[in-house]
>>> print(open('final-v2.cif').read())   # mmCIF, C-alpha atoms
data_upload
#
loop_
_atom_site.label_atom_id
_atom_site.label_comp_id
_atom_site.auth_asym_id
_atom_site.auth_seq_id
_atom_site.Cartn_x
_atom_site.Cartn_y
_atom_site.Cartn_z
CA MET A 68 -5.74 77.15 -107.71
CA LYS A 69 -7.65 74.54 -109.72
CA THR A 70 -8.06 74.62 -113.50
CA LEU A 71 -10.19 72.46 -115.76
CA LEU A 72 -8.09 71.14 -118.61
CA THR A 73 -8.63 68.80 -121.51
CA CYS A 74 -6.05 66.52 -123.07
CA THR A 75 -5.88 63.21 -124.89
CA VAL A 76 -4.69 60.31 -122.77
CA ASN A 77 -4.30 56.91 -124.39
CA GLY A 78 -6.50 57.96 -127.28
CA GLU A 79 -9.33 59.24 -125.11
CA GLU A 80 -10.15 62.88 -124.51
CA ARG A 81 -10.11 63.52 -120.78
CA ALA A 82 -11.37 66.60 -118.95
CA VAL A 83 -9.77 66.88 -115.53
CA LEU A 84 -9.52 69.38 -112.71
CA ALA A 85 -5.85 70.00 -111.96
CA ASP A 86 -3.94 72.12 -109.48
CA THR A 87 -1.68 74.74 -111.08
CA ARG A 88 1.27 73.05 -109.39
CA ASP A 89 0.48 69.51 -110.52
CA THR A 90 3.07 67.88 -112.69
CA LEU A 91 1.90 65.70 -115.56
CA LEU A 92 2.89 62.75 -113.34
CA GLU A 93 0.50 63.89 -110.59
CA LEU A 94 -2.21 64.50 -113.16
CA LEU A 95 -1.86 60.95 -114.48
CA ARG A 96 -1.49 59.14 -111.17
CA ASP A 97 -3.52 61.15 -108.70
CA ARG A 98 -6.21 62.82 -110.83
CA LEU A 99 -6.72 60.16 -113.51
CA GLY A 100 -5.78 57.07 -111.50
CA LEU A 101 -3.28 55.86 -114.10
CA THR A 102 -0.77 54.50 -111.61
CA GLY A 103 1.19 52.45 -114.15
CA THR A 104 3.46 55.47 -114.55
CA LYS A 105 5.82 55.38 -111.56
CA GLU A 106 7.54 58.13 -109.64
CA GLY A 107 11.22 57.53 -108.97
CA CYS A 108 13.49 60.49 -108.35
CA GLY A 109 11.01 63.26 -109.21
CA ASN A 110 13.68 65.38 -110.88
CA GLY A 111 14.34 63.87 -114.28
CA ASN A 112 17.27 61.63 -113.46
CA CYS A 113 15.73 58.16 -113.40
CA GLY A 114 13.21 58.07 -116.26
CA THR A 115 10.80 55.90 -114.29
CA CYS A 116 7.94 58.31 -115.07
CA THR A 117 8.56 58.28 -118.85
CA VAL A 118 5.43 58.78 -120.96
CA LEU A 119 4.96 59.80 -124.58
CA VAL A 120 3.81 63.33 -125.34
CA ASP A 121 2.99 63.78 -129.03
CA GLY A 122 5.07 60.66 -129.62
CA ALA A 123 8.19 61.87 -127.80
CA ALA A 124 9.45 60.26 -124.59
CA VAL A 125 9.43 62.76 -121.73
CA CYS A 126 9.67 62.62 -117.94
CA ALA A 127 6.16 63.25 -116.63
CA CYS A 128 7.68 64.69 -113.44
CA LEU A 129 9.30 67.52 -115.45
CA MET A 130 6.15 68.78 -117.16
CA LEU A 131 3.32 70.76 -115.65
CA ALA A 132 -0.20 69.39 -116.01
CA LEU A 133 -1.13 72.80 -117.40
CA GLU A 134 1.14 72.15 -120.39
CA ALA A 135 -0.95 69.11 -121.35
CA PRO A 136 -3.94 70.72 -123.12
CA GLY A 137 -3.91 69.86 -126.80
CA ARG A 138 -1.23 67.20 -126.30
CA ASP A 139 -1.55 63.52 -127.10
CA ILE A 140 -0.31 61.58 -124.08
CA VAL A 141 0.38 57.84 -124.04
CA THR A 142 1.10 55.92 -120.84
CA ILE A 143 1.92 52.27 -120.17
CA GLU A 144 -1.83 51.61 -119.86
CA GLY A 145 -2.33 52.66 -123.46
CA ILE A 146 0.12 50.62 -125.52
CA ALA A 147 -1.18 47.04 -125.51
CA SER A 148 -3.31 46.53 -128.59
CA GLY A 149 -6.23 45.08 -126.60
CA ALA A 150 -7.69 41.56 -126.36
CA GLY A 151 -4.81 40.60 -124.07
CA ARG A 152 -2.15 41.32 -126.67
CA LEU A 153 0.84 43.10 -125.23
CA HIS A 154 3.04 45.56 -127.12
CA PRO A 155 6.00 43.70 -128.71
CA VAL A 156 8.40 45.37 -126.25
CA GLN A 157 6.33 44.21 -123.28
CA GLN A 158 6.14 40.68 -124.67
CA ALA A 159 9.88 40.56 -125.34
CA LEU A 160 10.75 41.84 -121.86
CA ILE A 161 8.71 38.99 -120.37
CA GLU A 162 10.12 36.32 -122.67
CA LEU A 163 13.75 37.38 -122.32
CA GLY A 164 13.72 38.19 -118.61
CA GLY A 165 14.24 41.90 -119.11
CA THR A 166 12.39 42.79 -115.96
CA GLN A 167 12.83 41.93 -112.31
CA CYS A 168 11.24 44.20 -109.70
CA GLY A 169 9.42 45.93 -112.55
CA PHE A 170 9.49 49.47 -111.21
CA CYS A 171 11.49 50.88 -114.13
CA THR A 172 9.68 48.72 -116.71
CA PRO A 173 6.84 51.09 -117.72
CA GLY A 174 9.37 53.82 -118.43
CA ILE A 175 11.68 51.46 -120.31
CA VAL A 176 8.78 50.20 -122.42
CA LEU A 177 7.76 53.73 -123.42
CA SER A 178 11.34 54.83 -124.19
CA ALA A 179 11.73 51.70 -126.32
CA LYS A 180 8.39 52.29 -128.06
CA ALA A 181 9.40 55.85 -128.94
CA LEU A 182 12.68 54.51 -130.34
CA LEU A 183 11.06 51.75 -132.42
CA ASP A 184 8.35 54.08 -133.73
CA ALA A 185 11.09 56.34 -135.11
CA ASN A 186 13.70 53.68 -135.93
CA PRO A 187 12.38 50.15 -136.63
CA ALA A 188 15.88 48.69 -136.99
CA PRO A 189 17.99 50.14 -134.16
CA THR A 190 21.52 49.04 -133.35
CA ASP A 191 22.41 48.04 -129.79
CA GLN A 192 24.06 51.44 -129.52
CA ASP A 193 20.80 53.17 -130.55
CA ILE A 194 18.90 51.12 -127.95
CA ARG A 195 21.39 51.92 -125.20
CA HIS A 196 21.20 55.63 -126.06
CA ALA A 197 17.37 55.55 -126.08
CA ILE A 198 17.22 54.04 -122.59
CA ALA A 199 20.20 55.93 -121.13
CA GLY A 200 17.70 58.08 -119.25
CA ASN A 201 16.00 55.05 -117.69
CA LEU A 202 17.69 53.63 -114.63
CA CYS A 203 17.29 49.94 -113.77
CA ARG A 204 18.72 48.85 -110.45
CA CYS A 205 18.09 45.12 -110.57
CA THR A 206 18.00 43.30 -113.90
CA GLY A 207 20.78 45.21 -115.56
CA TYR A 208 20.68 46.45 -119.08
CA GLY A 209 21.88 43.46 -121.09
CA LYS A 210 18.56 41.62 -121.09
CA ILE A 211 16.61 44.84 -121.61
CA VAL A 212 18.68 45.70 -124.69
CA GLU A 213 18.24 42.13 -125.99
CA ALA A 214 14.48 42.37 -125.46
CA VAL A 215 14.16 45.68 -127.30
CA ALA A 216 16.23 44.31 -130.19
CA ALA A 217 14.03 41.18 -130.26
CA ALA A 218 10.87 43.31 -130.23
CA ALA A 219 12.21 45.33 -133.13
CA ALA A 220 13.02 42.14 -135.06
CA SER A 221 9.59 40.64 -134.39
CA ALA A 222 7.86 43.85 -135.45
CA ARG A 223 9.85 43.68 -138.71
CA GLY A 224 8.62 40.12 -139.14
CA GLN A 225 12.03 38.47 -138.60
CA MET B 121 5.66 73.82 -104.47
CA GLN B 122 4.59 77.43 -103.89
CA GLU B 123 1.42 78.64 -105.57
CA PHE B 124 2.05 80.46 -108.86
CA VAL B 125 0.07 81.82 -111.77
CA TYR B 126 0.60 80.00 -115.07
CA ALA B 127 0.67 82.29 -118.11
CA CYS B 128 0.65 80.97 -121.66
CA PRO B 129 1.25 83.91 -123.99
CA HIS B 130 0.97 83.61 -127.76
CA SER B 131 3.27 86.48 -128.73
CA ILE B 132 6.58 87.94 -127.59
CA GLU B 133 4.79 91.16 -126.56
CA GLU B 134 2.39 89.21 -124.33
CA ALA B 135 5.29 87.24 -122.90
CA VAL B 136 7.28 90.38 -122.09
CA ALA B 137 4.18 91.87 -120.44
CA ALA B 138 3.81 88.68 -118.37
CA MET B 139 7.49 88.81 -117.33
CA ARG B 140 7.11 92.37 -116.01
CA GLY B 141 7.52 92.89 -112.31
CA GLY B 142 10.58 90.69 -111.93
CA ASP B 143 8.85 87.91 -110.03
CA ALA B 144 8.19 85.73 -113.08
CA ARG B 145 10.21 82.85 -114.53
CA ALA B 146 10.14 81.82 -118.16
CA LEU B 147 9.25 78.16 -118.76
CA ALA B 148 10.54 76.37 -121.83
CA GLY B 149 11.25 72.65 -121.27
CA GLY B 150 10.97 72.92 -117.50
CA THR B 151 13.70 70.35 -116.94
CA ASP B 152 15.57 72.73 -114.65
CA LEU B 153 12.77 75.07 -113.55
CA ILE B 154 10.19 72.53 -112.37
CA PRO B 155 12.50 70.70 -109.93
CA GLN B 156 13.88 74.07 -108.77
CA LEU B 157 10.38 75.35 -107.99
CA ARG B 158 9.41 72.09 -106.29
CA GLU B 159 12.55 72.08 -104.15
CA GLY B 160 12.30 75.81 -103.38
CA ARG B 161 15.62 76.60 -105.11
CA ARG B 162 13.95 79.23 -107.28
CA ARG B 163 10.76 81.15 -106.63
CA ALA B 164 8.24 82.50 -109.09
CA VAL B 165 4.93 84.30 -108.67
CA ARG B 166 4.24 83.71 -112.35
CA VAL B 167 5.46 80.98 -114.66
CA VAL B 168 5.43 82.13 -118.27
CA ASP B 169 5.24 79.20 -120.72
CA LEU B 170 6.96 80.21 -123.97
CA LYS B 171 6.16 77.18 -126.10
CA ARG B 172 3.01 78.58 -127.74
CA ILE B 173 4.95 81.50 -129.23
CA PRO B 174 5.98 80.51 -132.77
CA GLU B 175 9.24 82.54 -132.84
CA LEU B 176 10.38 81.01 -129.58
CA THR B 177 10.30 77.42 -130.86
CA ALA B 178 11.31 78.12 -134.47
CA ILE B 179 14.72 77.39 -135.98
CA ALA B 180 15.06 79.66 -138.99
CA ALA B 181 17.64 80.72 -141.56
CA LEU B 182 18.80 84.33 -141.22
CA PRO B 183 19.24 86.68 -144.19
CA ASP B 184 23.01 86.81 -143.52
CA GLY B 185 23.30 83.03 -143.91
CA GLY B 186 23.29 82.30 -140.19
CA ILE B 187 20.61 80.56 -138.15
CA ALA B 188 18.27 81.77 -135.40
CA ILE B 189 17.44 79.16 -132.79
CA GLY B 190 14.31 80.00 -130.82
CA ALA B 191 15.16 80.08 -127.13
CA ALA B 192 12.45 77.49 -126.35
CA ALA B 193 13.26 75.10 -129.22
CA ASN B 194 14.04 71.73 -127.65
CA ALA B 195 17.44 70.06 -127.83
CA THR B 196 16.17 67.21 -130.01
CA ALA B 197 14.84 69.70 -132.57
CA VAL B 198 18.18 71.52 -132.54
CA ALA B 199 20.20 68.32 -132.90
CA ARG B 200 18.04 67.02 -135.77
CA HIS B 201 17.86 70.30 -137.69
CA ALA B 202 19.57 69.57 -140.98
CA ALA B 203 21.35 72.91 -141.36
CA ILE B 204 22.55 72.94 -137.75
CA ALA B 205 23.79 69.35 -137.98
CA SER B 206 25.69 70.07 -141.21
CA THR B 207 26.98 73.61 -140.61
CA TYR B 208 27.31 73.72 -136.81
CA PRO B 209 27.83 70.06 -135.84
CA ALA B 210 29.38 71.00 -132.48
CA VAL B 211 26.11 72.77 -131.57
CA ALA B 212 24.02 69.75 -132.61
CA GLN B 213 26.30 67.32 -130.75
CA SER B 214 26.30 69.48 -127.60
CA ALA B 215 22.49 69.54 -127.58
CA CYS B 216 22.56 65.73 -127.43
CA LEU B 217 24.60 65.82 -124.21
CA ILE B 218 21.89 67.49 -122.11
CA GLY B 219 20.42 64.68 -119.97
CA GLY B 220 18.93 61.66 -121.72
CA VAL B 221 16.45 61.46 -124.56
CA GLN B 222 13.50 62.37 -122.30
CA VAL B 223 15.24 65.55 -121.17
CA GLN B 224 16.45 66.43 -124.69
CA ASN B 225 12.87 66.18 -125.94
CA ARG B 226 11.95 69.00 -123.55
CA ALA B 227 15.05 70.99 -122.56
CA SER B 228 15.75 74.11 -124.59
CA LEU B 229 19.01 75.85 -125.42
CA GLY B 230 17.50 79.04 -123.99
CA GLY B 231 16.87 77.25 -120.72
CA ASN B 232 20.37 75.77 -120.71
CA ILE B 233 21.67 79.35 -121.11
CA CYS B 234 19.35 81.09 -118.63
CA ASN B 235 19.79 78.43 -115.95
CA ALA B 236 23.41 79.57 -116.13
CA ALA B 237 25.05 76.45 -114.77
CA PRO B 238 28.83 76.70 -115.37
CA SER B 239 28.57 73.12 -116.67
CA ALA B 240 25.86 73.91 -119.27
CA ASP B 241 26.74 71.64 -122.19
CA ALA B 242 25.03 73.63 -124.95
CA VAL B 243 26.83 76.88 -124.18
CA PRO B 244 30.57 76.45 -125.02
CA ALA B 245 29.96 75.49 -128.66
CA LEU B 246 27.53 78.40 -129.10
CA ILE B 247 30.09 80.86 -127.72
CA CYS B 248 32.78 79.31 -129.92
CA HIS B 249 30.59 80.12 -132.91
CA ALA B 250 30.26 83.74 -131.66
CA ALA B 251 26.54 83.30 -131.04
CA ARG B 252 24.55 86.38 -130.08
CA ALA B 253 21.56 86.56 -127.75
CA ARG B 254 18.44 88.38 -128.90
CA ILE B 255 16.61 89.72 -125.89
CA ALA B 256 13.12 91.24 -125.70
CA ALA B 257 12.31 93.90 -123.15
CA PRO B 258 9.28 96.17 -122.62
CA ASP B 259 11.04 98.95 -124.59
CA GLY B 260 12.18 96.83 -127.54
CA THR B 261 14.76 94.21 -128.35
CA ARG B 262 18.53 94.18 -127.92
CA GLU B 263 21.34 91.87 -128.91
CA LEU B 264 24.57 91.04 -127.20
CA PRO B 265 27.30 88.42 -127.54
CA LEU B 266 26.10 85.31 -125.72
CA GLU B 267 29.30 85.12 -123.69
CA GLN B 268 28.47 88.46 -122.06
CA LEU B 269 25.16 87.17 -120.70
CA PHE B 270 26.54 85.25 -117.74
CA GLU B 271 27.09 86.68 -114.27
CA GLY B 272 27.73 83.66 -112.06
CA PRO B 273 26.37 80.23 -111.16
CA GLY B 274 22.60 80.36 -111.77
CA ARG B 275 22.68 84.06 -112.64
CA THR B 276 22.52 85.90 -115.97
CA LEU B 277 22.68 89.60 -116.71
CA LEU B 278 19.14 89.60 -118.09
CA ASP B 279 17.06 92.23 -116.36
CA PRO B 280 14.19 90.65 -114.43
CA GLY B 281 11.60 91.69 -117.02
CA GLU B 282 13.69 90.65 -120.02
CA LEU B 283 13.23 87.55 -122.11
CA LEU B 284 15.79 85.63 -124.17
CA VAL B 285 14.05 85.23 -127.53
CA SER B 286 16.61 83.52 -129.73
CA ILE B 287 20.22 82.56 -130.18
CA LEU B 288 21.73 83.89 -133.40
CA LEU B 289 24.50 81.90 -135.05
CA PRO B 290 26.54 83.87 -137.59
CA PRO B 291 27.28 82.23 -140.94
CA ALA B 292 30.03 79.65 -140.64
CA ALA B 293 33.37 81.04 -141.84
CA PRO B 294 35.19 79.13 -144.60
CA ARG B 295 37.91 76.78 -143.30
CA SER B 296 36.49 76.82 -139.76
CA ALA B 297 35.48 73.98 -137.44
CA ALA B 298 34.36 73.54 -133.83
CA LYS B 299 34.18 70.76 -131.26
CA TYR B 300 32.97 70.44 -127.65
CA LEU B 301 34.27 67.68 -125.41
CA ARG B 302 33.42 67.07 -121.78
CA PHE B 303 34.49 64.62 -119.14
CA THR B 304 31.84 62.76 -117.16
CA PRO B 305 32.21 59.61 -115.05
CA ARG B 306 29.15 58.16 -116.83
CA ARG B 307 28.87 58.35 -120.60
CA GLU B 308 25.35 59.84 -120.50
CA MET B 309 23.04 61.42 -117.94
CA ASP B 310 25.85 63.18 -116.14
CA ILE B 311 27.21 66.66 -115.45
CA ALA B 312 30.58 67.68 -116.85
CA ILE B 313 33.42 67.74 -114.34
CA ALA B 314 35.11 69.85 -116.99
CA GLY B 315 34.43 70.65 -120.62
CA ALA B 316 36.24 72.43 -123.43
CA ALA B 317 35.05 73.71 -126.77
CA ALA B 318 37.42 74.80 -129.51
CA TRP B 319 36.86 76.69 -132.72
CA LEU B 320 39.54 77.21 -135.34
CA ARG B 321 39.61 79.21 -138.53
CA LEU B 322 42.49 78.60 -140.90
CA ASP B 323 43.72 80.97 -143.58
CA ALA B 324 44.24 79.85 -147.18
CA ASN B 325 47.77 78.64 -146.28
CA GLY B 326 46.63 76.42 -143.40
CA VAL B 327 47.80 78.82 -140.71
CA ILE B 328 45.45 79.42 -137.75
CA ALA B 329 43.88 82.82 -138.43
CA GLU B 330 41.70 82.80 -135.35
CA ALA B 331 40.99 80.48 -132.41
CA ARG B 332 38.36 80.45 -129.72
CA ILE B 333 38.37 78.22 -126.69
CA VAL B 334 35.51 78.10 -124.20
CA LEU B 335 35.70 76.12 -120.97
CA ALA B 336 32.84 74.62 -118.95
CA SER B 337 32.62 73.72 -115.27
CA VAL B 338 35.93 75.37 -114.40
CA GLY B 339 34.76 78.83 -113.38
CA PRO B 340 31.65 80.67 -112.21
CA THR B 341 30.51 81.09 -115.83
CA PRO B 342 31.55 79.59 -119.16
CA LEU B 343 35.11 80.93 -119.63
CA ARG B 344 37.16 81.96 -122.64
CA ALA B 345 40.80 80.89 -122.58
CA PRO B 346 42.52 84.01 -123.96
CA ALA B 347 46.14 82.98 -123.42
CA ALA B 348 45.56 79.73 -125.29
CA GLU B 349 43.72 81.53 -128.10
CA ARG B 350 46.55 84.05 -128.52
CA ARG B 351 49.16 81.31 -128.62
CA LEU B 352 47.36 79.55 -131.47
CA ALA B 353 46.75 82.55 -133.73
CA GLY B 354 49.29 82.88 -136.53
CA GLU B 355 50.68 79.36 -136.04
CA ARG B 356 50.50 76.26 -138.14
CA PRO B 357 48.80 73.51 -136.08
CA THR B 358 51.10 70.81 -134.74
CA PRO B 359 50.49 68.28 -131.97
CA ALA B 360 52.95 70.14 -129.74
CA LEU B 361 51.17 73.44 -130.33
CA LEU B 362 47.77 71.98 -129.47
CA GLU B 363 49.16 70.45 -126.28
CA GLU B 364 50.73 73.76 -125.34
CA ALA B 365 47.38 75.49 -125.95
CA GLY B 366 45.80 72.90 -123.65
CA ARG B 367 48.26 73.76 -120.88
CA LEU B 368 47.60 77.48 -121.37
CA ALA B 369 43.83 76.86 -121.26
CA ALA B 370 44.33 75.00 -117.97
CA ALA B 371 46.13 78.09 -116.65
CA ASP B 372 43.26 80.27 -117.92
CA SER B 373 40.68 78.16 -116.05
CA ARG B 374 39.48 79.03 -112.56
CA PRO B 375 38.10 75.79 -111.15
CA ILE B 376 36.93 75.08 -107.63
CA SER B 377 37.14 71.82 -105.74
CA ASP B 378 33.80 70.20 -105.03
CA THR B 379 32.21 66.78 -104.74
CA ARG B 380 32.65 66.11 -108.45
CA GLY B 381 36.33 66.86 -108.68
CA SER B 382 39.24 68.83 -107.27
CA ALA B 383 40.49 72.04 -108.86
CA GLU B 384 43.76 70.33 -109.74
CA TYR B 385 41.95 67.43 -111.42
CA ARG B 386 39.79 69.86 -113.39
CA ARG B 387 42.84 71.78 -114.62
CA SER B 388 44.37 68.52 -115.82
CA LEU B 389 41.13 67.68 -117.63
CA VAL B 390 41.03 71.12 -119.29
CA ALA B 391 44.51 70.61 -120.73
CA VAL B 392 43.58 67.24 -122.22
CA LEU B 393 40.09 68.18 -123.41
CA THR B 394 41.27 71.42 -125.01
CA ALA B 395 44.07 69.71 -126.92
CA ARG B 396 41.70 66.95 -128.06
CA ALA B 397 38.98 69.42 -129.11
CA LEU B 398 41.56 71.38 -131.09
CA GLY B 399 42.79 68.15 -132.62
CA ASP B 400 39.24 67.29 -133.67
CA CYS B 401 38.93 70.70 -135.34
CA CYS B 402 42.15 70.00 -137.26
CA ARG B 403 40.80 66.58 -138.27
CA GLN B 404 37.59 68.21 -139.55
CA LEU B 405 39.68 70.75 -141.45
CA GLY B 406 41.82 68.04 -142.97
CA THR B 407 45.14 69.47 -141.81
CA GLY B 408 46.59 65.99 -141.70
CA ILE B 409 48.34 66.40 -138.35
CA ALA B 410 48.40 63.56 -135.86
CA THR B 411 45.92 64.71 -133.23
CA PRO B 412 46.59 64.46 -129.51
#
>>> encode(input="final-v2.cif", output="structure tokens")
Amino acid sequence: MKTLLTCTVNGEERAVLADTRDTLLELLRDRLGLTGTKEGCGNGNCGTCTVLVDGAAVCACLMLALEAPGRDIVTIEGIASGAGRLHPVQQALIELGGTQCGFCTPGIVLSAKALLDANPAPTDQDIRHAIAGNLCRCTGYGKIVEAVAAAAASARGQ
Amino acid sequence: MQEFVYACPHSIEEAVAAMRGGDARALAGGTDLIPQLREGRRRAVRVVDLKRIPELTAIAALPDGGIAIGAAANATAVARHAAIASTYPAVAQSACLIGGVQVQNRASLGGNICNAAPSADAVPALICHAARARIAAPDGTRELPLEQLFEGPGRTLLDPGELLVSILLPPAAPRSAAKYLRFTPRREMDIAIAGAAAWLRLDANGVIAEARIVLASVGPTPLRAPAAERRLAGERPTPALLEEAGRLAAADSRPISDTRGSAEYRRSLVAVLTARALGDCCRQLGTGIATP
């Protein structure tokens, strides 16, 4: 069964026809064409599909599209500030080599953004906890943690 | 995924009406239910989303000094709630063990309970605190001790049309403390091979007046450890006593062997985790004993 629903995605109100059984991930990728959000395990273990819902990091594969109305959803497509300027976490991941194949990167970026929005000066422990639900199988976590810490420092003007 | 009807009630009455018929599943965070529906491990003709019902997501003080946690309140909200974090720290800390941050932002304590996994991390600390379950049914509401809600792996004793509304924590007793510890191969994002929660209440002389021990992942449901609890009551805590209670808890456990660990390994873990959880309670209570 199809339902017309309205939600805010990356600051824009979107009306979209969704199947009752669509997850938020399917809504974003297949109905709205926002393929920056990746599907990994599909059951909440890998964090590859992490998006922000009302500012909180969630796995898009674990939420029904029908739960989206009235929610403010932010995906990887929505966090650069425009005019070619990346989000500080994106910039730091590039500069410090915190990405290799890149498949986990959108999820890592959004988990890190949620952390920094709530805690501008996280410890390494805070960073590791924030990305514990994001699996990376190639770069390893050291450079990712360094990049998030660097992004936090640059956002604080240090 | 099978076709289902999505219901989004705004009151408990509407939700109970939507649950009627026994072929509905309540949806809170969806972190268990959505993969189960997709993989065909659970079926539902209707999915009843509880998150638009204010009482279901609220965390509120009770007139008796306790706290009511809405069954659909997410784990992050529970962990960050000031009164829960200060008065029931074991409950707040347990909520932070469910998956990673993304899962905690969605998963509810009610879902952790109703999914009825023997490894459910939120449950042992709640039972240690003598939490009660408030349940809504078509003919009114009822309450029962949370520990009586479980039937077996994945099964509760809720009637098909019933809905868990909230978890009621009684006021914390003076000179009491609780702790839940689990063993996982990975520090986060893992399922307990075994877990143990302990709760101690001391009398004015520092003697254990009452003890509760609840074990996870070592039986078909969360298990009390009655022999260990009896051994502790009336005694002054010492390292040797806590270790003995750990051994008795291991004997009280009923683990199986599976891919995550053998029964023998789980019993060994129960002994260690129980003694350590008891030791942490003593540390919180300032008994000054060297903890195992």
>>> resolve_selection(input="final-v2.cif", expression="the PyMOL selection byres ((chain A and resi 111-122) around 8)", output="number ranges by chain")
A: 92, 104-110, 123-129, 138-143, 170-175, 177-178, 181, 200-202; B: 151, 219, 222-223, 309
>>> interface_residues(input="final-v2.cif", of="chain B", to="chain A", cutoff="10 Å", atoms="all atoms listed in the file", output="mmCIF file with C-alpha atoms, keeping the file's coordinate frame")
data_model
loop_
_atom_site.group_PDB
_atom_site.id
_atom_site.type_symbol
_atom_site.label_atom_id
_atom_site.label_comp_id
_atom_site.auth_asym_id
_atom_site.auth_seq_id
_atom_site.Cartn_x
_atom_site.Cartn_y
_atom_site.Cartn_z
ATOM 1 C CA MET B 121 5.660 73.820 -104.470
ATOM 2 C CA GLN B 122 4.590 77.430 -103.890
ATOM 3 C CA GLU B 123 1.420 78.640 -105.570
ATOM 4 C CA PHE B 124 2.050 80.460 -108.860
ATOM 5 C CA VAL B 125 0.070 81.820 -111.770
ATOM 6 C CA TYR B 126 0.600 80.000 -115.070
ATOM 7 C CA ALA B 127 0.670 82.290 -118.110
ATOM 8 C CA CYS B 128 0.650 80.970 -121.660
ATOM 9 C CA LEU B 147 9.250 78.160 -118.760
ATOM 10 C CA ALA B 148 10.540 76.370 -121.830
ATOM 11 C CA GLY B 149 11.250 72.650 -121.270
ATOM 12 C CA GLY B 150 10.970 72.920 -117.500
ATOM 13 C CA THR B 151 13.700 70.350 -116.940
ATOM 14 C CA ASP B 152 15.570 72.730 -114.650
ATOM 15 C CA LEU B 153 12.770 75.070 -113.550
ATOM 16 C CA ILE B 154 10.190 72.530 -112.370
ATOM 17 C CA PRO B 155 12.500 70.700 -109.930
ATOM 18 C CA GLN B 156 13.880 74.070 -108.770
ATOM 19 C CA LEU B 157 10.380 75.350 -107.990
ATOM 20 C CA ARG B 158 9.410 72.090 -106.290
ATOM 21 C CA GLU B 159 12.550 72.080 -104.150
ATOM 22 C CA ASP B 169 5.240 79.200 -120.720
ATOM 23 C CA LYS B 171 6.160 77.180 -126.100
ATOM 24 C CA ARG B 172 3.010 78.580 -127.740
ATOM 25 C CA THR B 196 16.170 67.210 -130.010
ATOM 26 C CA GLY B 219 20.420 64.680 -119.970
ATOM 27 C CA GLY B 220 18.930 61.660 -121.720
ATOM 28 C CA VAL B 221 16.450 61.460 -124.560
ATOM 29 C CA GLN B 222 13.500 62.370 -122.300
ATOM 30 C CA VAL B 223 15.240 65.550 -121.170
ATOM 31 C CA GLN B 224 16.450 66.430 -124.690
ATOM 32 C CA ASN B 225 12.870 66.180 -125.940
ATOM 33 C CA ARG B 226 11.950 69.000 -123.550
ATOM 34 C CA ALA B 227 15.050 70.990 -122.560
ATOM 35 C CA ARG B 307 28.870 58.350 -120.600
ATOM 36 C CA GLU B 308 25.350 59.840 -120.500
ATOM 37 C CA MET B 309 23.040 61.420 -117.940
ATOM 38 C CA ASP B 310 25.850 63.180 -116.140
#
>>> resolve_selection(input="final-v2.cif", expression="the PyMOL selection byres ((chain A and resi 101) around 10)", output="ChimeraX atom specification")
/A:76,92-100,102-105,142-145
>>> atom_distance(input="final-v2.cif", atom1="CA of Gly281 in chain B", atom2="CA of Pro136 in chain A")
26.8 Å
>>> residues_around(input="final-v2.cif", residues="range 287-297 of chain B", least_positions_apart="5", cutoff="8 Å", atoms="all atoms listed in the file", output="PyMOL selection string")
chain B and resi 184-191+207-208+230+246+249-254+266+319-323+401-402+404-405
>>> resolve_selection(input="final-v2.cif", expression="the PyMOL selection byres ((chain B and resi 353) around 7)", output="number ranges by chain")
B: 328-331, 349-352, 354-355
>>> write_last_selection(input="final-v2.cif", atoms="C-alpha atoms", output="PDB file, keeping the file's coordinate frame")
ATOM      1  CA  ILE B 328      45.450  79.420-137.750  1.00  0.00           C
ATOM      2  CA  ALA B 329      43.880  82.820-138.430  1.00  0.00           C
ATOM      3  CA  GLU B 330      41.700  82.800-135.350  1.00  0.00           C
ATOM      4  CA  ALA B 331      40.990  80.480-132.410  1.00  0.00           C
ATOM      5  CA  GLU B 349      43.720  81.530-128.100  1.00  0.00           C
ATOM      6  CA  ARG B 350      46.550  84.050-128.520  1.00  0.00           C
ATOM      7  CA  ARG B 351      49.160  81.310-128.620  1.00  0.00           C
ATOM      8  CA  LEU B 352      47.360  79.550-131.470  1.00  0.00           C
ATOM      9  CA  GLY B 354      49.290  82.880-136.530  1.00  0.00           C
ATOM     10  CA  GLU B 355      50.680  79.360-136.040  1.00  0.00           C
TER      11      GLU B 355
END
>>> atom_distance(input="final-v2.cif", atom1="CA of Gly408 in chain B", atom2="CA of Leu361 in chain B")
14.3 Å
>>> axis_aligned_box(input="final-v2.cif", around="range 123-139 of chain A", padding_each_side="8 Å", output="lines of an AutoDock Vina configuration file")
center_x = 2.9
center_y = 66.5
center_z = -120.6
size_x = 29.6
size_y = 28.5
size_z = 30.4
>>> atom_distance(input="final-v2.cif", atom1="CA of Val165 in chain B", atom2="CA of Ala144 in chain B")
5.7 Å
>>> closest_residue(input="final-v2.cif", among="A:Ser221, A:Thr73, A:Gln192, A:Asn186", to="Ala132 in chain A", atoms="only C-alpha atoms")
A:Thr73
>>> closest_residue(input="final-v2.cif", among="B:Ala257, B:Val211, B:Val327, B:Ala391", to="Glu133 in chain B", atoms="all atoms listed in the file")
B:Ala257
>>> residues_around(input="final-v2.cif", residues="Glu134 in chain B", least_positions_apart="4", cutoff="10 Å", atoms="all atoms listed in the file", output="ChimeraX atom specification")
/B:127-130,138-139,168,173,258
>>> residues_around(input="final-v2.cif", residues="range 232-239 of chain B", least_positions_apart="5", cutoff="6 Å", atoms="only C-alpha atoms", output="PyMOL selection string")
chain B and resi 273-275+312+336-337+340-342
